[in-house]
Amino acid sequence: MFRPLKILIGTKCPPTRCCSAFVSRMRFSNLQYVNRLKEDDEACAAALQNAHIFLFHRLSPLLQRTEHRTLRPTALVCSGTEPQNHRTTEESVLIGCSEENQAQFCLDVGKNILNPGSSLSWWPETLNSVQDPSPYEPDLCFLLQGQALLRWNQTSGFCSTTGQPTHRNRAGSQRVCSSSGIIYYPKMSPVVIVLVSDGKRCLLGRQSSFPRGMYSALAGFCDMGETLEETLRREVAEEVGLEVHSVSYSSSQHWPFPHSSFMMAFHASVSPAHTQVSCQLEDARWFSLEEITSALQVKTPPRRGDPPVVWLPPKHAIGNRLITEWRSVSCLHYVNM
Ligand SMILES: NC(=O)C1=CN([C@@H]2O[C@H](COP(=O)(O)OP(=O)(O)OC[C@H]3O[C@@H](n4cnc5c(N)ncnc54)[C@H](OP(=O)(O)O)[C@@H]3O)[C@@H](O)[C@H]2O)C=CC1
Ligand SMILES: [Mg+2]
């Protein structure tokens, strides 16, 4: 009665079946094609012959300035007629495919000197100005995913059990120990990020490692065995000395800095009677709706010598989303008062 899923892979959704466009896309088209390329080295190598390859240099995406002063990723377009050089074939990682099933890869053309700092330096000023993609270009999430996969492959060359080299599949989505056969997959660290409110103000903090002037929602890595709620309450207590009450989930995001975090974002509140901050960060303070509204207008971090100004995480960062959500709800609240 049931046909095995493999027969359906790569085919159109059968007309007699009724499923949403989303389910159809997930089960029958692009994603299944990408999954097949991950499993089949030969198919992946063939797809590379007609692929878009997005370039990185030491883990920073190579971006070109457009005539509209936004930035766009730099891509090599393979025609299938020229032989791929060894390095392209061996070291590019698969990140997805276009609507037309043209595979998309990322390649680091300057990977030999691993400098963790260099991968952090590009993001604050560029995230705000990467242009929204055309239908044939990857969006920013693809670039972040590509960076994370390139980094994982560059830093996972040896098996942590046997010490022997690991070998990657063509897609770069897994590595296998040459001696024990242990399979390694890319790992992410779960992180909770939370915007705390006292009803009228929201609480933002900054670490010394943040760009000049930047404040964001509080964040912290989950400890082994902790629930998300426990991490959230512990981080807020540790970093600012407050106890949160109601907690509500907002959204999530993959974040490649410093090493592939999976950010889960929440709103939480404290009692207006208990808002005294005891800070273990470089700074943490309450911001009014007016202060948040003007900080959201600041598009680039202040430079050395500029007057002090509060700068919030760029629009693609989940911290920005939390702050924007809080502002929208607070504005509605004032309108209804
Ligand atoms: N997308 C966004 O809008 C935002 C993202 N973030 C991200 O949230 C993440 C966590 O925030 P942060 O405040 O730094 O976290 P924490 O408050 O947990 O502090 C970081 C420290 O936690 C320790 N730690 C525990 N587990 C890990 C792990 N798996 N990986 C790395 N360090 C770990 C390290 O301490 P030690 O070195 O002493 O062992 C590290 O210095 C960061 O990746 C940051 O980039 C933060 C704000 C906004
Ligand atoms: Mg923290």
# chains A, B, ... in the order shown; residues from 1 in each chain; ligands from 1
$ select_by_dssp --residues "stretch 72-285 of chain A" --states "strand (DSSP E or B)" --output "mmCIF file with N, CA and C atoms, in the first residue's frame"
data_model
loop_
_atom_site.group_PDB
_atom_site.id
_atom_site.type_symbol
_atom_site.label_atom_id
_atom_site.label_comp_id
_atom_site.auth_asym_id
_atom_site.auth_seq_id
_atom_site.Cartn_x
_atom_site.Cartn_y
_atom_site.Cartn_z
ATOM 1 N N ARG A 72 27.053 41.882 -1.976
ATOM 2 C CA ARG A 72 26.530 40.592 -2.426
ATOM 3 C C ARG A 72 27.666 39.570 -2.441
ATOM 4 N N PRO A 73 27.316 38.283 -2.225
ATOM 5 C CA PRO A 73 28.351 37.258 -2.197
ATOM 6 C C PRO A 73 29.025 37.106 -3.566
ATOM 7 N N ALA A 75 30.419 34.747 -6.393
ATOM 8 C CA ALA A 75 30.203 33.351 -6.796
ATOM 9 C C ALA A 75 30.977 33.025 -8.060
ATOM 10 N N LEU A 76 31.557 31.817 -8.093
ATOM 11 C CA LEU A 76 32.082 31.246 -9.329
ATOM 12 C C LEU A 76 30.941 30.467 -9.943
ATOM 13 N N VAL A 77 30.690 30.636 -11.231
ATOM 14 C CA VAL A 77 29.628 29.854 -11.873
ATOM 15 C C VAL A 77 30.295 28.809 -12.751
ATOM 16 N N VAL A 93 32.201 22.895 0.073
ATOM 17 C CA VAL A 93 31.152 22.213 0.852
ATOM 18 C C VAL A 93 29.788 22.570 0.272
ATOM 19 N N LEU A 94 28.920 21.584 0.271
ATOM 20 C CA LEU A 94 27.575 21.769 -0.281
ATOM 21 C C LEU A 94 26.700 22.507 0.730
ATOM 22 N N ILE A 95 26.045 23.582 0.281
ATOM 23 C CA ILE A 95 25.141 24.275 1.214
ATOM 24 C C ILE A 95 23.685 24.253 0.773
ATOM 25 N N GLY A 96 23.400 23.870 -0.444
ATOM 26 C CA GLY A 96 21.997 23.828 -0.866
ATOM 27 C C GLY A 96 21.899 23.811 -2.371
ATOM 28 N N CYS A 97 20.714 24.157 -2.870
ATOM 29 C CA CYS A 97 20.539 24.241 -4.317
ATOM 30 C C CYS A 97 19.463 25.270 -4.630
ATOM 31 N N ALA A 103 23.241 23.102 -7.860
ATOM 32 C CA ALA A 103 23.862 22.975 -6.540
ATOM 33 C C ALA A 103 24.637 24.235 -6.172
ATOM 34 N N GLN A 104 24.673 24.531 -4.866
ATOM 35 C CA GLN A 104 25.410 25.693 -4.352
ATOM 36 C C GLN A 104 26.436 25.204 -3.329
ATOM 37 N N PHE A 105 27.675 25.593 -3.555
ATOM 38 C CA PHE A 105 28.771 25.185 -2.679
ATOM 39 C C PHE A 105 29.452 26.429 -2.105
ATOM 40 N N CYS A 106 30.225 26.241 -1.043
ATOM 41 C CA CYS A 106 31.104 27.302 -0.537
ATOM 42 C C CYS A 106 32.534 26.785 -0.564
ATOM 43 N N LEU A 107 33.473 27.676 -0.847
ATOM 44 C CA LEU A 107 34.887 27.303 -0.900
ATOM 45 C C LEU A 107 35.712 28.379 -0.228
ATOM 46 N N ASP A 108 36.616 27.953 0.669
ATOM 47 C CA ASP A 108 37.510 28.910 1.317
ATOM 48 C C ASP A 108 38.809 28.945 0.520
ATOM 49 N N VAL A 130 24.285 43.362 3.686
ATOM 50 C CA VAL A 130 24.183 42.299 2.676
ATOM 51 C C VAL A 130 22.808 42.417 2.040
ATOM 52 N N PHE A 158 41.045 15.249 12.414
ATOM 53 C CA PHE A 158 41.504 14.038 13.108
ATOM 54 C C PHE A 158 40.437 13.505 14.052
ATOM 55 N N PRO A 165 43.619 10.415 10.858
ATOM 56 C CA PRO A 165 42.925 11.394 10.003
ATOM 57 C C PRO A 165 41.481 10.976 9.728
ATOM 58 N N THR A 166 40.639 11.970 9.570
ATOM 59 C CA THR A 166 39.264 11.713 9.117
ATOM 60 C C THR A 166 39.162 12.125 7.655
ATOM 61 N N HIS A 167 38.267 11.468 6.925
ATOM 62 C CA HIS A 167 38.057 11.805 5.512
ATOM 63 C C HIS A 167 36.628 12.256 5.322
ATOM 64 N N ARG A 168 36.458 13.332 4.575
ATOM 65 C CA ARG A 168 35.121 13.900 4.380
ATOM 66 C C ARG A 168 34.435 13.288 3.165
ATOM 67 N N ARG A 175 32.339 13.383 8.255
ATOM 68 C CA ARG A 175 33.722 12.929 8.158
ATOM 69 C C ARG A 175 33.824 11.563 8.839
ATOM 70 N N VAL A 176 34.673 10.689 8.282
ATOM 71 C CA VAL A 176 34.794 9.331 8.802
ATOM 72 C C VAL A 176 36.240 9.081 9.190
ATOM 73 N N CYS A 177 36.439 8.482 10.374
ATOM 74 C CA CYS A 177 37.800 8.140 10.819
ATOM 75 C C CYS A 177 38.350 7.028 9.933
ATOM 76 N N ILE A 183 31.844 7.894 12.480
ATOM 77 C CA ILE A 183 31.348 8.975 11.619
ATOM 78 C C ILE A 183 31.134 10.221 12.474
ATOM 79 N N TYR A 184 31.620 11.348 11.997
ATOM 80 C CA TYR A 184 31.423 12.624 12.688
ATOM 81 C C TYR A 184 30.511 13.520 11.851
ATOM 82 N N SER A 189 26.362 24.124 19.402
ATOM 83 C CA SER A 189 26.184 24.298 20.847
ATOM 84 C C SER A 189 24.893 25.051 21.093
ATOM 85 N N PRO A 190 23.971 24.496 21.904
ATOM 86 C CA PRO A 190 22.736 25.223 22.193
ATOM 87 C C PRO A 190 22.990 26.445 23.082
ATOM 88 N N VAL A 191 22.394 27.553 22.685
ATOM 89 C CA VAL A 191 22.540 28.818 23.433
ATOM 90 C C VAL A 191 21.152 29.415 23.646
ATOM 91 N N VAL A 192 20.918 29.913 24.853
ATOM 92 C CA VAL A 192 19.677 30.652 25.115
ATOM 93 C C VAL A 192 19.980 32.140 25.054
ATOM 94 N N ILE A 193 19.113 32.892 24.376
ATOM 95 C CA ILE A 193 19.229 34.353 24.387
ATOM 96 C C ILE A 193 17.883 34.888 24.860
ATOM 97 N N VAL A 194 17.910 35.849 25.783
ATOM 98 C CA VAL A 194 16.656 36.268 26.416
ATOM 99 C C VAL A 194 16.619 37.782 26.574
ATOM 100 N N LEU A 195 15.481 38.349 26.206
ATOM 101 C CA LEU A 195 15.266 39.779 26.439
ATOM 102 C C LEU A 195 14.378 39.922 27.669
ATOM 103 N N VAL A 196 14.960 40.488 28.723
ATOM 104 C CA VAL A 196 14.243 40.643 29.995
ATOM 105 C C VAL A 196 13.572 42.016 30.015
ATOM 106 N N SER A 197 12.311 42.040 30.463
ATOM 107 C CA SER A 197 11.568 43.303 30.531
ATOM 108 C C SER A 197 10.985 43.459 31.932
ATOM 109 N N CYS A 202 13.484 47.425 28.815
ATOM 110 C CA CYS A 202 14.115 46.125 28.585
ATOM 111 C C CYS A 202 15.582 46.213 28.993
ATOM 112 N N LEU A 203 16.138 45.041 29.307
ATOM 113 C CA LEU A 203 17.478 44.964 29.874
ATOM 114 C C LEU A 203 18.455 44.466 28.814
ATOM 115 N N LEU A 204 19.497 45.256 28.555
ATOM 116 C CA LEU A 204 20.522 44.842 27.588
ATOM 117 C C LEU A 204 21.889 44.869 28.267
ATOM 118 N N GLY A 205 22.764 43.983 27.802
ATOM 119 C CA GLY A 205 24.105 43.939 28.379
ATOM 120 C C GLY A 205 25.157 43.986 27.291
ATOM 121 N N ARG A 206 26.392 44.241 27.688
ATOM 122 C CA ARG A 206 27.495 44.156 26.721
ATOM 123 C C ARG A 206 28.695 43.479 27.362
ATOM 124 N N MET A 214 28.065 48.353 21.307
ATOM 125 C CA MET A 214 26.989 47.375 21.095
ATOM 126 C C MET A 214 26.445 46.815 22.412
ATOM 127 N N SER A 216 23.266 43.999 23.715
ATOM 128 C CA SER A 216 22.347 42.987 23.186
ATOM 129 C C SER A 216 21.605 42.309 24.335
ATOM 130 N N LEU A 218 20.625 39.221 26.816
ATOM 131 C CA LEU A 218 21.549 38.344 27.545
ATOM 132 C C LEU A 218 21.581 36.971 26.885
ATOM 133 N N ALA A 219 22.756 36.359 26.848
ATOM 134 C CA ALA A 219 22.875 35.054 26.187
ATOM 135 C C ALA A 219 23.808 34.159 26.979
ATOM 136 N N GLY A 220 23.629 32.852 26.826
ATOM 137 C CA GLY A 220 24.529 31.923 27.489
ATOM 138 C C GLY A 220 24.388 30.513 26.964
ATOM 139 N N PHE A 221 25.481 29.768 27.004
ATOM 140 C CA PHE A 221 25.485 28.375 26.543
ATOM 141 C C PHE A 221 24.751 27.477 27.536
ATOM 142 N N VAL A 247 8.122 33.347 31.062
ATOM 143 C CA VAL A 247 9.068 33.130 29.957
ATOM 144 C C VAL A 247 8.262 32.731 28.728
ATOM 145 N N SER A 248 8.530 33.364 27.591
ATOM 146 C CA SER A 248 7.837 32.916 26.369
ATOM 147 C C SER A 248 8.841 32.809 25.219
ATOM 148 N N TYR A 249 8.627 31.770 24.406
ATOM 149 C CA TYR A 249 9.541 31.483 23.294
ATOM 150 C C TYR A 249 9.285 32.440 22.145
ATOM 151 N N SER A 250 10.348 32.879 21.477
ATOM 152 C CA SER A 250 10.196 33.736 20.301
ATOM 153 C C SER A 250 10.573 32.995 19.021
ATOM 154 N N SER A 251 11.814 32.591 18.868
ATOM 155 C CA SER A 251 12.285 32.033 17.590
ATOM 156 C C SER A 251 13.687 31.461 17.779
ATOM 157 N N SER A 252 14.281 30.954 16.701
ATOM 158 C CA SER A 252 15.625 30.377 16.811
ATOM 159 C C SER A 252 16.461 30.749 15.597
ATOM 160 N N GLN A 253 17.775 30.547 15.725
ATOM 161 C CA GLN A 253 18.680 30.928 14.640
ATOM 162 C C GLN A 253 19.991 30.164 14.772
ATOM 163 N N HIS A 254 20.510 29.727 13.631
ATOM 164 C CA HIS A 254 21.887 29.219 13.641
ATOM 165 C C HIS A 254 22.831 30.414 13.667
ATOM 166 N N TRP A 255 23.898 30.323 14.457
ATOM 167 C CA TRP A 255 24.816 31.452 14.609
ATOM 168 C C TRP A 255 26.230 30.908 14.598
ATOM 169 N N SER A 261 26.738 28.040 17.039
ATOM 170 C CA SER A 261 25.762 27.982 18.123
ATOM 171 C C SER A 261 24.367 27.830 17.531
ATOM 172 N N PHE A 262 23.485 27.178 18.282
ATOM 173 C CA PHE A 262 22.075 27.155 17.906
ATOM 174 C C PHE A 262 21.353 28.023 18.926
ATOM 175 N N MET A 263 20.961 29.226 18.490
ATOM 176 C CA MET A 263 20.396 30.220 19.402
ATOM 177 C C MET A 263 18.894 30.020 19.524
ATOM 178 N N MET A 264 18.390 29.897 20.752
ATOM 179 C CA MET A 264 16.946 29.842 20.984
ATOM 180 C C MET A 264 16.558 31.066 21.796
ATOM 181 N N ALA A 265 15.624 31.844 21.232
ATOM 182 C CA ALA A 265 15.369 33.190 21.764
ATOM 183 C C ALA A 265 14.057 33.245 22.540
ATOM 184 N N PHE A 266 14.104 33.956 23.668
ATOM 185 C CA PHE A 266 12.942 34.053 24.560
ATOM 186 C C PHE A 266 12.753 35.495 25.036
ATOM 187 N N HIS A 267 11.514 35.778 25.447
ATOM 188 C CA HIS A 267 11.222 36.972 26.227
ATOM 189 C C HIS A 267 10.954 36.508 27.658
ATOM 190 N N ALA A 268 11.344 37.325 28.617
ATOM 191 C CA ALA A 268 11.058 36.993 30.020
ATOM 192 C C ALA A 268 10.822 38.295 30.771
ATOM 193 N N SER A 269 10.148 38.192 31.903
ATOM 194 C CA SER A 269 9.901 39.426 32.657
ATOM 195 C C SER A 269 10.328 39.275 34.112
ATOM 196 N N ASP A 283 28.883 45.704 31.152
ATOM 197 C CA ASP A 283 27.820 46.632 31.549
ATOM 198 C C ASP A 283 26.476 45.958 31.257
ATOM 199 N N ALA A 284 25.460 46.319 32.022
ATOM 200 C CA ALA A 284 24.085 45.896 31.732
ATOM 201 C C ALA A 284 23.182 46.969 32.293
ATOM 202 N N ARG A 285 22.204 47.404 31.507
ATOM 203 C CA ARG A 285 21.292 48.436 32.044
ATOM 204 C C ARG A 285 19.937 48.397 31.355
#
$ select_by_dssp --residues "stretch 161-311 of chain A" --states "alpha helix (DSSP H)" --output "number ranges by chain"
A: 228-240, 289-295
$ atom_distance --atom1 "atom 38 (O, counted along the ligand's line) of ligand 1" --atom2 "atom CA of A:Glu282"
15.2 Å
$ closest_residue --among "A:Glu230, A:Pro313, A:Cys222, A:Thr324" --to "ligand 2" --atoms "only C-alpha atoms and all ligand atoms"
A:Cys222
$ closest_residue --among "A:Arg58, A:Arg25, A:Arg234, A:His245" --to "ligand 2" --atoms "only C-alpha atoms and all ligand atoms"
A:Arg234
$ residues_around --residues "A:Glu239" --least-positions-apart "5" --cutoff "7 Å" --atoms "only C-alpha atoms" --output "number ranges by chain"
A: 279-281
$ write_last_selection --atoms "all heavy atoms" --output "mmCIF file, in the first residue's frame"
data_model
loop_
_atom_site.group_PDB
_atom_site.id
_atom_site.type_symbol
_atom_site.label_atom_id
_atom_site.label_comp_id
_atom_site.auth_asym_id
_atom_site.auth_seq_id
_atom_site.Cartn_x
_atom_site.Cartn_y
_atom_site.Cartn_z
ATOM 1 N N CYS A 279 25.745 43.468 38.105
ATOM 2 C CA CYS A 279 26.231 43.062 36.783
ATOM 3 C C CYS A 279 27.559 42.317 36.822
ATOM 4 O O CYS A 279 28.513 42.766 37.449
ATOM 5 C CB CYS A 279 26.365 44.344 35.953
ATOM 6 S SG CYS A 279 26.952 44.030 34.317
ATOM 7 N N GLN A 280 27.619 41.176 36.120
ATOM 8 C CA GLN A 280 28.896 40.470 35.968
ATOM 9 C C GLN A 280 29.438 40.622 34.549
ATOM 10 O O GLN A 280 30.425 39.995 34.189
ATOM 11 C CB GLN A 280 28.702 38.991 36.281
ATOM 12 C CG GLN A 280 28.642 38.735 37.767
ATOM 13 C CD GLN A 280 28.925 37.301 38.123
ATOM 14 O OE1 GLN A 280 28.969 36.433 37.256
ATOM 15 N NE2 GLN A 280 29.105 37.037 39.389
ATOM 16 N N LEU A 281 28.765 41.409 33.734
ATOM 17 C CA LEU A 281 29.239 41.673 32.369
ATOM 18 C C LEU A 281 30.019 42.989 32.395
ATOM 19 O O LEU A 281 30.146 43.623 33.444
ATOM 20 C CB LEU A 281 28.037 41.796 31.423
ATOM 21 C CG LEU A 281 27.096 40.599 31.391
ATOM 22 C CD1 LEU A 281 25.816 40.952 30.633
ATOM 23 C CD2 LEU A 281 27.787 39.410 30.747
#
$ residues_around --residues "A:Asn35" --least-positions-apart "3" --cutoff "12 Å" --atoms "only C-alpha atoms" --output "list in words"
Lys6, Ile9, Gly10, Met26, Arg27, Phe28, Ser29, Asn30, Leu31, Gln32, Lys38, Glu39, Asp40, Asp41, Ala43, Cys44, Leu94, Ile95, Gly96, Cys97, Asn101, Ala103, Ala171 and Ser173 of chain A
$ closest_residue --among "A:Leu289, A:Cys78, A:Ala237, A:Cys141" --to "A:Ala46" --atoms "only C-alpha atoms"
A:Cys78
$ atom_distance --atom1 "atom CA of A:Val298" --atom2 "atom 16 (P, counted along the ligand's line) of ligand 1"
25.6 Å
$ atom_distance --atom1 "atom 1 (N, counted along the ligand's line) of ligand 1" --atom2 "atom CA of A:Ile318"
4.6 Å
$ residues_around --residues "A:Leu296" --least-positions-apart "4" --cutoff "8 Å" --atoms "only C-alpha atoms" --output "PyMOL selection string"
chain A and resi 292+311-312
$ closest_residue --among "A:Leu149, A:Asn336, A:Arg212, A:Arg327" --to "A:Arg304" --atoms "only C-alpha atoms"
A:Arg212
$ closest_residue --among "A:Cys159, A:Ala51, A:Ile182, A:Val240" --to "ligand 2" --atoms "only C-alpha atoms and all ligand atoms"
A:Val240
